[in-house]
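The file structure-v5.txt comes next; it holds compact mmCIF, C-alpha atoms.
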# COMPACT_ATOMS: atom_id res chain seq x y z
CA MET A 560 244.08 24.95 -12.41
CA ARG A 561 243.06 21.30 -12.65
CA ILE A 562 242.48 20.24 -16.23
CA PHE A 563 238.77 19.38 -15.90
CA ASP A 564 237.79 22.20 -13.53
CA ASP A 565 235.70 24.12 -16.06
CA TYR A 566 233.75 21.00 -17.02
CA THR A 567 232.97 19.97 -13.46
CA ASN A 568 232.01 23.55 -12.60
CA ARG A 569 229.49 23.62 -15.46
CA ILE A 570 227.90 20.42 -14.21
CA LYS A 571 227.89 21.63 -10.60
CA ASN A 572 226.21 24.89 -11.54
CA VAL A 573 223.41 23.10 -13.39
CA MET A 574 222.89 20.61 -10.57
CA GLN A 575 222.41 23.53 -8.18
CA GLN A 576 219.72 25.23 -10.26
CA PRO A 577 216.22 24.92 -8.79
CA LEU A 578 214.10 22.31 -10.51
CA TYR A 579 210.88 24.27 -10.03
CA GLU A 580 209.79 27.88 -10.18
CA HIS A 581 206.54 29.49 -9.02
CA PHE A 582 204.26 30.72 -11.78
CA GLU A 583 200.82 32.22 -11.08
CA GLY A 584 200.59 30.43 -7.76
CA ARG A 585 201.56 27.05 -9.19
CA GLN A 586 204.82 25.19 -9.53
CA ARG A 587 206.17 24.26 -12.91
CA ARG A 588 209.39 22.71 -14.11
CA GLN A 589 212.23 25.06 -14.86
CA PRO A 590 211.74 25.23 -18.65
CA VAL A 591 215.20 26.20 -19.85
CA LEU A 592 218.63 25.53 -18.43
CA ALA A 593 221.91 26.96 -19.70
CA ALA A 594 221.91 26.28 -23.43
CA MET A 595 224.51 24.02 -25.04
CA ARG A 596 225.48 26.61 -27.64
CA ASP A 597 227.78 25.26 -30.33
CA ALA A 598 229.91 28.41 -30.37
CA GLU A 599 230.67 28.01 -26.67
CA TRP A 600 231.83 24.41 -27.12
CA SER A 601 233.61 24.76 -30.46
CA LYS A 602 236.93 24.45 -28.62
CA PRO A 603 237.97 23.07 -25.23
CA LEU A 604 237.06 25.02 -22.13
CA ASP A 605 239.91 27.05 -20.69
CA SER A 606 241.11 24.54 -18.09
CA LEU A 607 241.83 21.96 -20.82
CA ILE A 608 243.69 24.32 -23.19
CA PRO A 609 247.09 23.81 -21.43
CA LEU A 610 246.91 20.10 -22.29
CA GLN A 611 246.61 20.97 -25.98
CA GLN A 612 249.55 23.35 -25.65
CA GLU A 613 251.58 20.68 -23.88
CA LEU A 614 250.91 18.06 -26.57
CA GLY A 615 251.40 20.57 -29.39
CA THR A 616 248.40 19.30 -31.39
CA THR A 617 246.24 21.42 -33.67
CA PRO A 618 242.81 19.73 -33.72
CA ASN A 619 240.05 20.73 -36.10
CA TYR A 620 237.14 21.14 -33.70
CA SER A 621 234.67 21.81 -36.51
CA LEU A 622 235.36 18.56 -38.39
CA PRO A 623 232.09 16.70 -39.06
CA LEU A 624 231.52 13.23 -37.67
CA GLY A 625 233.15 10.48 -39.71
CA ALA A 626 235.15 12.93 -41.81
CA HIS A 627 238.75 11.86 -41.26
CA PRO A 628 240.59 14.32 -43.51
CA ASP A 629 242.98 11.71 -44.91
CA PHE A 630 240.21 9.42 -46.12
CA SER A 631 237.19 11.62 -46.81
CA TYR A 632 237.98 11.44 -50.55
CA ILE A 633 236.72 7.84 -50.49
CA SER A 634 233.15 9.11 -50.17
CA THR A 635 233.21 10.25 -53.81
CA SER A 636 236.00 8.22 -55.38
CA GLU A 637 234.46 4.72 -55.32
CA THR A 638 237.81 3.39 -54.05
CA VAL A 639 239.12 1.72 -50.91
CA GLU A 640 242.41 2.15 -49.11
CA ARG A 641 244.43 0.01 -46.73
CA HIS A 642 245.83 1.98 -43.82
CA TYR A 643 246.28 1.28 -40.13
CA VAL A 644 243.84 2.56 -37.52
CA ALA A 645 243.59 2.53 -33.74
CA SER A 646 239.91 2.28 -32.80
CA MET A 647 238.39 3.28 -29.47
CA PHE A 648 234.85 2.75 -28.21
CA ILE A 649 233.86 4.84 -25.18
CA ASP A 650 230.65 3.93 -23.38
CA ILE A 651 229.23 6.19 -20.67
CA CYS A 652 227.16 3.99 -18.37
CA ASN A 653 224.47 4.48 -15.72
CA SER A 654 223.47 7.97 -16.80
CA THR A 655 219.84 6.81 -16.62
CA GLY A 656 220.15 7.08 -12.84
CA LEU A 657 220.11 10.85 -13.25
CA PHE A 658 216.43 10.69 -14.17
CA ARG A 659 215.63 9.70 -10.58
CA LYS A 660 216.28 13.29 -9.53
CA TYR A 661 216.48 15.59 -12.54
CA PRO A 662 214.21 16.58 -15.42
CA PRO A 663 215.31 15.70 -18.97
CA GLU A 664 216.80 19.16 -19.58
CA THR A 665 219.18 18.78 -16.65
CA VAL A 666 220.09 15.20 -17.56
CA ASN A 667 220.81 16.26 -21.12
CA TYR A 668 223.07 19.06 -19.96
CA ILE A 669 225.06 16.84 -17.57
CA THR A 670 225.56 14.01 -20.07
CA SER A 671 226.38 16.47 -22.85
CA VAL A 672 229.13 18.09 -20.77
CA ILE A 673 230.63 14.66 -20.04
CA GLN A 674 230.50 13.71 -23.71
CA LYS A 675 231.98 17.03 -24.82
CA ALA A 676 234.83 16.69 -22.33
CA ALA A 677 235.59 13.24 -23.77
CA MET A 678 235.40 14.60 -27.33
CA HIS A 679 237.75 17.46 -26.53
CA VAL A 680 240.27 15.13 -24.88
CA CYS A 681 240.25 12.74 -27.85
CA LEU A 682 240.62 15.57 -30.36
CA ILE A 683 243.49 17.09 -28.38
CA CYS A 684 245.16 13.66 -28.37
CA GLY A 685 244.96 13.48 -32.16
CA GLY A 686 241.76 11.46 -32.46
CA TYR A 687 238.92 11.80 -34.94
CA ILE A 688 235.31 11.36 -33.79
CA GLN A 689 233.81 8.74 -36.07
CA ARG A 690 230.29 8.61 -34.64
CA LEU A 691 228.25 9.14 -31.48
CA HIS A 692 226.34 6.35 -29.72
CA GLY A 693 223.91 7.98 -27.31
CA ASP A 694 226.15 9.18 -24.49
CA GLY A 695 229.16 7.31 -25.87
CA MET A 696 231.28 7.56 -28.98
CA PHE A 697 233.56 5.79 -31.42
CA VAL A 698 236.96 7.39 -32.12
CA TYR A 699 239.79 6.75 -34.59
CA PHE A 700 243.45 7.50 -33.87
CA GLY A 701 246.12 7.63 -36.56
CA ARG A 702 246.72 9.49 -39.79
CA ARG A 703 249.02 9.42 -42.79
CA GLY A 704 252.61 10.10 -41.85
CA GLN A 705 252.05 9.53 -38.13
CA GLU A 706 254.09 6.86 -36.43
CA LYS A 707 251.90 3.98 -35.35
CA ARG A 708 253.38 4.06 -31.87
CA ASP A 709 252.51 7.74 -31.47
CA ALA A 710 248.91 7.14 -32.53
CA VAL A 711 248.54 4.28 -30.05
CA GLN A 712 250.21 6.14 -27.19
CA LEU A 713 247.99 9.18 -27.71
CA GLY A 714 244.98 6.89 -27.69
CA MET A 715 246.16 5.39 -24.41
CA LEU A 716 246.53 8.87 -22.95
CA ALA A 717 243.03 9.85 -24.12
CA SER A 718 241.47 6.72 -22.63
CA SER A 719 243.27 7.37 -19.34
CA LEU A 720 242.17 11.00 -19.10
CA VAL A 721 238.53 10.33 -19.99
CA THR A 722 238.35 7.51 -17.44
CA TYR A 723 240.06 9.65 -14.82
CA PHE A 724 237.53 12.46 -15.34
CA VAL A 725 234.53 10.18 -14.86
CA ARG A 726 236.07 8.03 -12.11
CA GLU A 727 237.77 10.68 -9.99
CA GLU A 728 236.17 14.07 -10.68
CA LEU A 729 232.46 13.41 -11.16
CA PRO A 730 231.71 11.27 -8.06
CA LYS A 731 232.52 14.23 -5.84
CA LEU A 732 229.63 16.09 -7.46
CA PHE A 733 227.15 13.24 -7.63
CA GLU A 734 227.68 11.82 -4.14
CA GLU A 735 226.96 15.23 -2.58
CA ASP A 736 223.63 15.19 -4.40
CA GLY A 737 222.78 11.56 -3.68
CA ILE A 738 223.23 10.43 -7.29
CA GLU A 739 224.49 7.00 -8.36
CA ARG A 740 227.91 7.01 -9.97
CA ILE A 741 228.27 7.35 -13.70
CA ASN A 742 230.93 5.06 -15.16
CA THR A 743 232.81 4.57 -18.39
CA ARG A 744 233.94 1.42 -20.14
CA ILE A 745 236.48 1.72 -22.93
CA GLY A 746 237.77 -0.72 -25.55
CA PHE A 747 240.84 0.07 -27.64
CA ASP A 748 242.55 -1.92 -30.39
CA PHE A 749 244.99 -1.49 -33.26
CA GLY A 750 244.79 -2.87 -36.77
CA ASP A 751 247.80 -2.61 -39.10
CA ASP A 752 247.87 -1.63 -42.77
CA ASP A 753 247.43 -5.18 -44.01
CA VAL A 754 244.21 -5.88 -42.05
CA VAL A 755 242.31 -2.57 -42.26
CA VAL A 756 240.30 -1.28 -45.21
CA TRP A 757 238.91 2.26 -45.34
CA VAL A 758 235.64 2.16 -47.27
CA LYS A 759 232.39 3.99 -47.89
CA GLN A 760 229.35 2.34 -46.35
CA GLY A 761 225.76 3.29 -47.05
CA ILE A 762 223.96 4.93 -49.95
CA GLY A 763 224.36 8.51 -51.16
CA ALA A 764 224.00 11.02 -48.36
CA THR A 765 223.06 8.20 -45.98
CA SER A 766 226.65 6.97 -45.82
CA GLU A 767 229.96 7.35 -44.07
CA VAL A 768 233.63 6.61 -44.63
CA THR A 769 234.63 4.01 -42.08
CA THR A 770 236.95 1.04 -41.61
CA THR A 771 236.36 -2.65 -42.03
CA SER A 772 238.65 -4.71 -39.83
CA LEU A 773 238.45 -7.33 -37.15
CA HIS A 774 240.27 -4.91 -34.86
CA THR A 775 237.76 -2.12 -35.45
CA SER A 776 235.01 -4.51 -34.40
CA LEU A 777 236.97 -5.80 -31.42
CA ALA A 778 237.27 -2.33 -29.88
CA ALA A 779 233.51 -2.35 -29.27
CA LYS A 780 233.60 -5.92 -27.96
CA MET A 781 236.45 -5.09 -25.57
CA GLN A 782 234.38 -2.26 -24.14
CA MET A 783 231.86 -4.90 -23.05
CA SER A 784 234.71 -6.85 -21.39
CA ALA A 785 235.83 -3.85 -19.34
CA ALA A 786 235.04 -3.29 -15.69
CA ASN A 787 233.34 -0.08 -14.61
CA ASN A 788 235.81 2.73 -15.28
CA GLY A 789 238.10 0.23 -16.92
CA VAL A 790 239.99 0.16 -20.21
CA VAL A 791 240.53 -3.08 -22.12
CA VAL A 792 243.02 -3.25 -24.99
CA GLY A 793 244.05 -5.84 -27.54
CA GLN A 794 247.40 -7.58 -27.95
CA HIS A 795 248.36 -5.36 -30.89
CA VAL A 796 248.20 -2.31 -28.62
CA LEU A 797 250.84 -3.88 -26.37
CA ASP A 798 252.93 -4.82 -29.41
CA ILE A 799 252.87 -1.30 -30.87
CA ALA A 800 252.65 1.07 -27.91
CA GLY A 801 256.08 0.50 -26.37
CA ILE A 802 254.53 0.93 -22.91
CA GLU A 803 255.81 -1.11 -19.96
CA THR A 804 254.02 -4.44 -19.63
CA ARG A 805 253.40 -3.79 -15.92
CA PHE A 806 250.45 -1.61 -16.95
CA PHE A 807 248.63 -4.57 -18.54
CA THR A 808 247.11 -7.73 -17.05
CA PRO A 809 245.02 -10.37 -18.83
CA VAL A 810 241.29 -9.81 -18.37
CA SER A 811 241.05 -13.41 -17.16
CA GLN A 812 242.99 -12.48 -14.00
CA ARG A 813 240.16 -10.11 -13.03
CA THR A 814 237.29 -12.39 -13.96
CA SER A 815 238.90 -15.72 -12.94
CA LYS A 816 237.60 -17.16 -16.21
CA GLY A 817 240.27 -18.66 -18.43
CA PRO A 818 238.47 -18.02 -21.74
CA ASP A 819 238.37 -14.28 -20.93
CA ALA A 820 242.08 -14.14 -21.77
CA PHE A 821 240.92 -14.02 -25.40
CA ILE A 822 238.57 -11.59 -27.09
CA PHE A 823 238.72 -13.63 -30.32
CA PRO A 824 239.58 -17.31 -29.69
CA ASN A 825 241.02 -19.59 -32.35
CA TYR A 826 242.32 -16.71 -34.46
CA PRO A 827 244.77 -18.33 -36.94
CA ALA A 828 246.75 -15.12 -37.46
CA VAL A 829 248.08 -15.21 -33.88
CA GLY A 830 247.85 -18.88 -33.01
CA ASP A 831 245.66 -19.76 -30.06
CA GLY A 832 243.61 -16.58 -30.11
CA TYR A 833 243.69 -12.80 -29.86
CA ARG A 834 244.32 -11.68 -26.30
CA GLN A 835 242.75 -8.84 -24.31
CA TYR A 836 244.19 -6.99 -21.34
CA ASP A 837 243.06 -4.64 -18.59
CA PHE A 838 245.02 -1.39 -18.86
CA ASP A 839 246.00 0.22 -15.54
CA TRP A 840 245.27 3.78 -16.65
CA LYS A 841 245.69 5.23 -13.17
CA ALA A 842 249.22 3.87 -12.73
CA TYR A 843 250.02 4.98 -16.28
CA LEU A 844 249.01 8.59 -15.55
CA ARG A 845 250.98 8.57 -12.32
CA SER A 846 254.06 7.40 -14.19
CA MET A 847 253.95 10.28 -16.67
CA ASN A 848 256.06 13.35 -16.17
CA LYS A 849 253.29 15.66 -17.38
CA PHE A 850 250.99 15.55 -14.37
CA ASN A 851 250.82 16.29 -10.68
CA GLN A 852 248.27 14.91 -8.27
CA THR A 853 246.79 17.38 -5.81
CA PRO A 854 246.31 16.46 -2.12
CA GLU A 855 242.65 15.85 -3.01
CA GLY A 856 243.72 13.31 -5.65
CA GLN A 857 242.89 15.50 -8.64
CA LEU A 858 245.00 15.84 -11.76
CA GLU A 859 246.77 18.95 -12.95
CA LEU A 860 249.50 19.63 -15.47
CA LYS A 861 252.91 20.18 -13.98
CA ARG A 862 254.47 23.56 -14.37
CA SER A 863 257.47 23.40 -16.66
CA SER A 864 259.73 24.30 -13.72
CA ASP A 865 258.53 21.18 -11.87
CA ARG A 866 259.51 18.73 -14.58
CA VAL A 867 262.57 16.55 -14.69
CA LEU A 868 264.86 17.92 -17.38
CA ARG A 869 265.98 15.56 -20.10
CA PRO A 870 269.79 15.12 -20.01
CA GLU A 871 270.15 15.25 -23.79
CA LEU A 872 268.56 18.72 -23.78
CA VAL A 873 270.45 20.02 -20.77
CA ALA A 874 273.93 18.81 -21.76
CA PRO A 875 274.68 21.36 -24.53
CA ARG A 876 273.86 24.27 -22.24
CA ALA A 877 275.48 22.74 -19.16
CA SER A 878 278.80 22.28 -20.99
CA THR A 879 279.11 26.07 -21.38
CA VAL A 880 278.41 26.91 -17.73
CA ARG A 881 281.02 26.79 -14.97
CA PRO A 882 280.09 25.62 -11.47
CA TYR A 883 279.56 28.36 -8.92
CA ARG A 884 282.30 28.67 -6.32
CA PRO A 885 282.07 31.15 -3.45
Could you render the structure from this file as structure tokens?
Amino acid sequence: MRIFDDYTNRIKNVMQQPLYEHFEGRQRRQPVLAAMRDAEWSKPLDSLIPLQQELGTTPNYSLPLGAHPDFSYISTSETVERHYVASMFIDICNSTGLFRKYPPETVNYITSVIQKAAMHVCLICGGYIQRLHGDGMFVYFGRRGQEKRDAVQLGMLASSLVTYFVREELPKLFEEDGIERINTRIGFDFGDDDVVVWVKQGIGATSEVTTTSLHTSLAAKMQMSAANNGVVVGQHVLDIAGIETRFFTPVSQRTSKGPDAFIFPNYPAVGDGYRQYDFDWKAYLRSMNKFNQTPEGQLELKRSSDRVLRPELVAPRASTVRPYRP
């Protein structure tokens, strides 16, 4: 089963529901579509569960917004803490085009499924949902005791999978129904312990525990620098992630505008300015040993028997087995 099948099927089923019903000789709008019941969405849909099993994560799907478990104490302690964070801003764009064909109930259902799929992917990849922005959302990656590289790599995987879902899976549904494409734009950056402060902002119950850092702010700005269905990352992501540089190109190469090489020019901490890069998420997914691509171009997890075995794991067993000779 492809990892987003259950999400696309939910959207397809709603798109196929009649918009009108006859009532006492008159037409009226279909008043209620399939409800977005919390209990039904309190964990990933079945097709996404194997990804969680593969990554071995144990997300808390009932965690409130902005309640990172390592820093929630700050809301009542009147303290601050310095700790790294990888910040991601996901913007879902062009959903307003759905209103050309569907009533608000249908539009809400479609956009909610897309957002929930993105939330589930980020949670499975170790992220924490900080807040929702309309159709989009802001996500933190990283926790106490987690290697910085692991947090960044999981964030890169999440950004790749969310973008893949919107770029490759959804158009097949929308084009059949004459709907304009929905797109994502994602910005992702990393701030280290010495430049990130976890703080409480707001008053009383109208407050949240969040981070203050240039690199938290730049994640949102990088989203605005991204192309449709693109991911833009900051220089620190390259420095920390340990991912091959072939997956990154300066934004200025796409735009042909020299200043676009920087998301924050004249930044003394790094010299001439803080650089931003387009991340080739599609090539990155193709390079991973976790996934297969179907003939239709869709993504599915590889069966364990299909994977290349790691020599360091095979060697101990292989040394005890004699070659077969007829």
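Of the listed residues (A:Phe733, A:Phe724, A:Tyr643, A:Tyr668), A:Tyr643 comes nearest to Phe749 in chain A; the distances count only C-alpha atoms.
Straight-line separation from CA of Pro628 in chain A to CA of Ile683 in chain A: 15.7 Å.
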Neighbouring residues of range 687-704 of chain A were defined as those with any atom within 10 Å, considering only C-alpha atoms; residues of the same chain fewer than 2 positions away were excluded. Please report them as a PDB file with C-alpha atoms, keeping the file's coordinate frame.
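Now in result_31.pdb:
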ATOM      1  CA  PRO A 618     242.810  19.730 -33.720  1.00  0.00           C
ATOM      2  CA  ASN A 619     240.050  20.730 -36.100  1.00  0.00           C
ATOM      3  CA  TYR A 620     237.140  21.140 -33.700  1.00  0.00           C
ATOM      4  CA  LEU A 622     235.360  18.560 -38.390  1.00  0.00           C
ATOM      5  CA  PRO A 623     232.090  16.700 -39.060  1.00  0.00           C
ATOM      6  CA  LEU A 624     231.520  13.230 -37.670  1.00  0.00           C
ATOM      7  CA  GLY A 625     233.150  10.480 -39.710  1.00  0.00           C
ATOM      8  CA  ALA A 626     235.150  12.930 -41.810  1.00  0.00           C
ATOM      9  CA  HIS A 627     238.750  11.860 -41.260  1.00  0.00           C
ATOM     10  CA  PRO A 628     240.590  14.320 -43.510  1.00  0.00           C
ATOM     11  CA  ASP A 629     242.980  11.710 -44.910  1.00  0.00           C
ATOM     12  CA  PHE A 630     240.210   9.420 -46.120  1.00  0.00           C
ATOM     13  CA  HIS A 642     245.830   1.980 -43.820  1.00  0.00           C
ATOM     14  CA  TYR A 643     246.280   1.280 -40.130  1.00  0.00           C
ATOM     15  CA  VAL A 644     243.840   2.560 -37.520  1.00  0.00           C
ATOM     16  CA  ALA A 645     243.590   2.530 -33.740  1.00  0.00           C
ATOM     17  CA  SER A 646     239.910   2.280 -32.800  1.00  0.00           C
ATOM     18  CA  MET A 647     238.390   3.280 -29.470  1.00  0.00           C
ATOM     19  CA  PHE A 648     234.850   2.750 -28.210  1.00  0.00           C
ATOM     20  CA  ILE A 649     233.860   4.840 -25.180  1.00  0.00           C
ATOM     21  CA  ASP A 650     230.650   3.930 -23.380  1.00  0.00           C
ATOM     22  CA  ILE A 651     229.230   6.190 -20.670  1.00  0.00           C
ATOM     23  CA  CYS A 652     227.160   3.990 -18.370  1.00  0.00           C
ATOM     24  CA  SER A 654     223.470   7.970 -16.800  1.00  0.00           C
ATOM     25  CA  ASN A 667     220.810  16.260 -21.120  1.00  0.00           C
ATOM     26  CA  THR A 670     225.560  14.010 -20.070  1.00  0.00           C
ATOM     27  CA  SER A 671     226.380  16.470 -22.850  1.00  0.00           C
ATOM     28  CA  ILE A 673     230.630  14.660 -20.040  1.00  0.00           C
ATOM     29  CA  GLN A 674     230.500  13.710 -23.710  1.00  0.00           C
ATOM     30  CA  LYS A 675     231.980  17.030 -24.820  1.00  0.00           C
ATOM     31  CA  ALA A 677     235.590  13.240 -23.770  1.00  0.00           C
ATOM     32  CA  MET A 678     235.400  14.600 -27.330  1.00  0.00           C
ATOM     33  CA  HIS A 679     237.750  17.460 -26.530  1.00  0.00           C
ATOM     34  CA  CYS A 681     240.250  12.740 -27.850  1.00  0.00           C
ATOM     35  CA  LEU A 682     240.620  15.570 -30.360  1.00  0.00           C
ATOM     36  CA  ILE A 683     243.490  17.090 -28.380  1.00  0.00           C
ATOM     37  CA  CYS A 684     245.160  13.660 -28.370  1.00  0.00           C
ATOM     38  CA  GLY A 685     244.960  13.480 -32.160  1.00  0.00           C
ATOM     39  CA  GLU A 706     254.090   6.860 -36.430  1.00  0.00           C
ATOM     40  CA  LYS A 707     251.900   3.980 -35.350  1.00  0.00           C
ATOM     41  CA  ARG A 708     253.380   4.060 -31.870  1.00  0.00           C
ATOM     42  CA  ASP A 709     252.510   7.740 -31.470  1.00  0.00           C
ATOM     43  CA  ALA A 710     248.910   7.140 -32.530  1.00  0.00           C
ATOM     44  CA  VAL A 711     248.540   4.280 -30.050  1.00  0.00           C
ATOM     45  CA  GLN A 712     250.210   6.140 -27.190  1.00  0.00           C
ATOM     46  CA  LEU A 713     247.990   9.180 -27.710  1.00  0.00           C
ATOM     47  CA  GLY A 714     244.980   6.890 -27.690  1.00  0.00           C
ATOM     48  CA  THR A 743     232.810   4.570 -18.390  1.00  0.00           C
ATOM     49  CA  ARG A 744     233.940   1.420 -20.140  1.00  0.00           C
ATOM     50  CA  ILE A 745     236.480   1.720 -22.930  1.00  0.00           C
ATOM     51  CA  GLY A 746     237.770  -0.720 -25.550  1.00  0.00           C
ATOM     52  CA  PHE A 747     240.840   0.070 -27.640  1.00  0.00           C
ATOM     53  CA  PHE A 749     244.990  -1.490 -33.260  1.00  0.00           C
ATOM     54  CA  GLU A 767     229.960   7.350 -44.070  1.00  0.00           C
ATOM     55  CA  VAL A 768     233.630   6.610 -44.630  1.00  0.00           C
ATOM     56  CA  THR A 769     234.630   4.010 -42.080  1.00  0.00           C
ATOM     57  CA  THR A 770     236.950   1.040 -41.610  1.00  0.00           C
ATOM     58  CA  THR A 775     237.760  -2.120 -35.450  1.00  0.00           C
ATOM     59  CA  ALA A 778     237.270  -2.330 -29.880  1.00  0.00           C
ATOM     60  CA  ALA A 779     233.510  -2.350 -29.270  1.00  0.00           C
TER      61      ALA A 779
END
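Closest approach to Val829 in chain A among A:Lys731, A:Gly856, A:Asn851, A:His795 is made by A:His795 (distances from all atoms listed in the file).
Non-sequential neighbours of Lys780 in chain A (distance at most 8 Å, separation of 3 or more positions within a chain, all atoms listed in the file) are Gly746, Ser776, Leu777, Met783, Ser784 and Ile822 of chain A.
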Query raised in the report: Pick the closest to Leu716 in chain A from A:Met574, A:Val758, A:Ile669, A:Leu844: which is it, counting all atoms listed in the file?
Result: A:Leu844
Requested in this report: Could you please determine the separation between CA of Ser772 in chain A and CA of Tyr632 in chain A in Å, to one decimal place?
Outcome: 19.4 Å
Query raised in the report: Which is closer to Pro809 in chain A than all the others in A:Ile570, A:Val792, A:Val639, A:Val725, using all atoms listed in the file?
Result: A:Val792
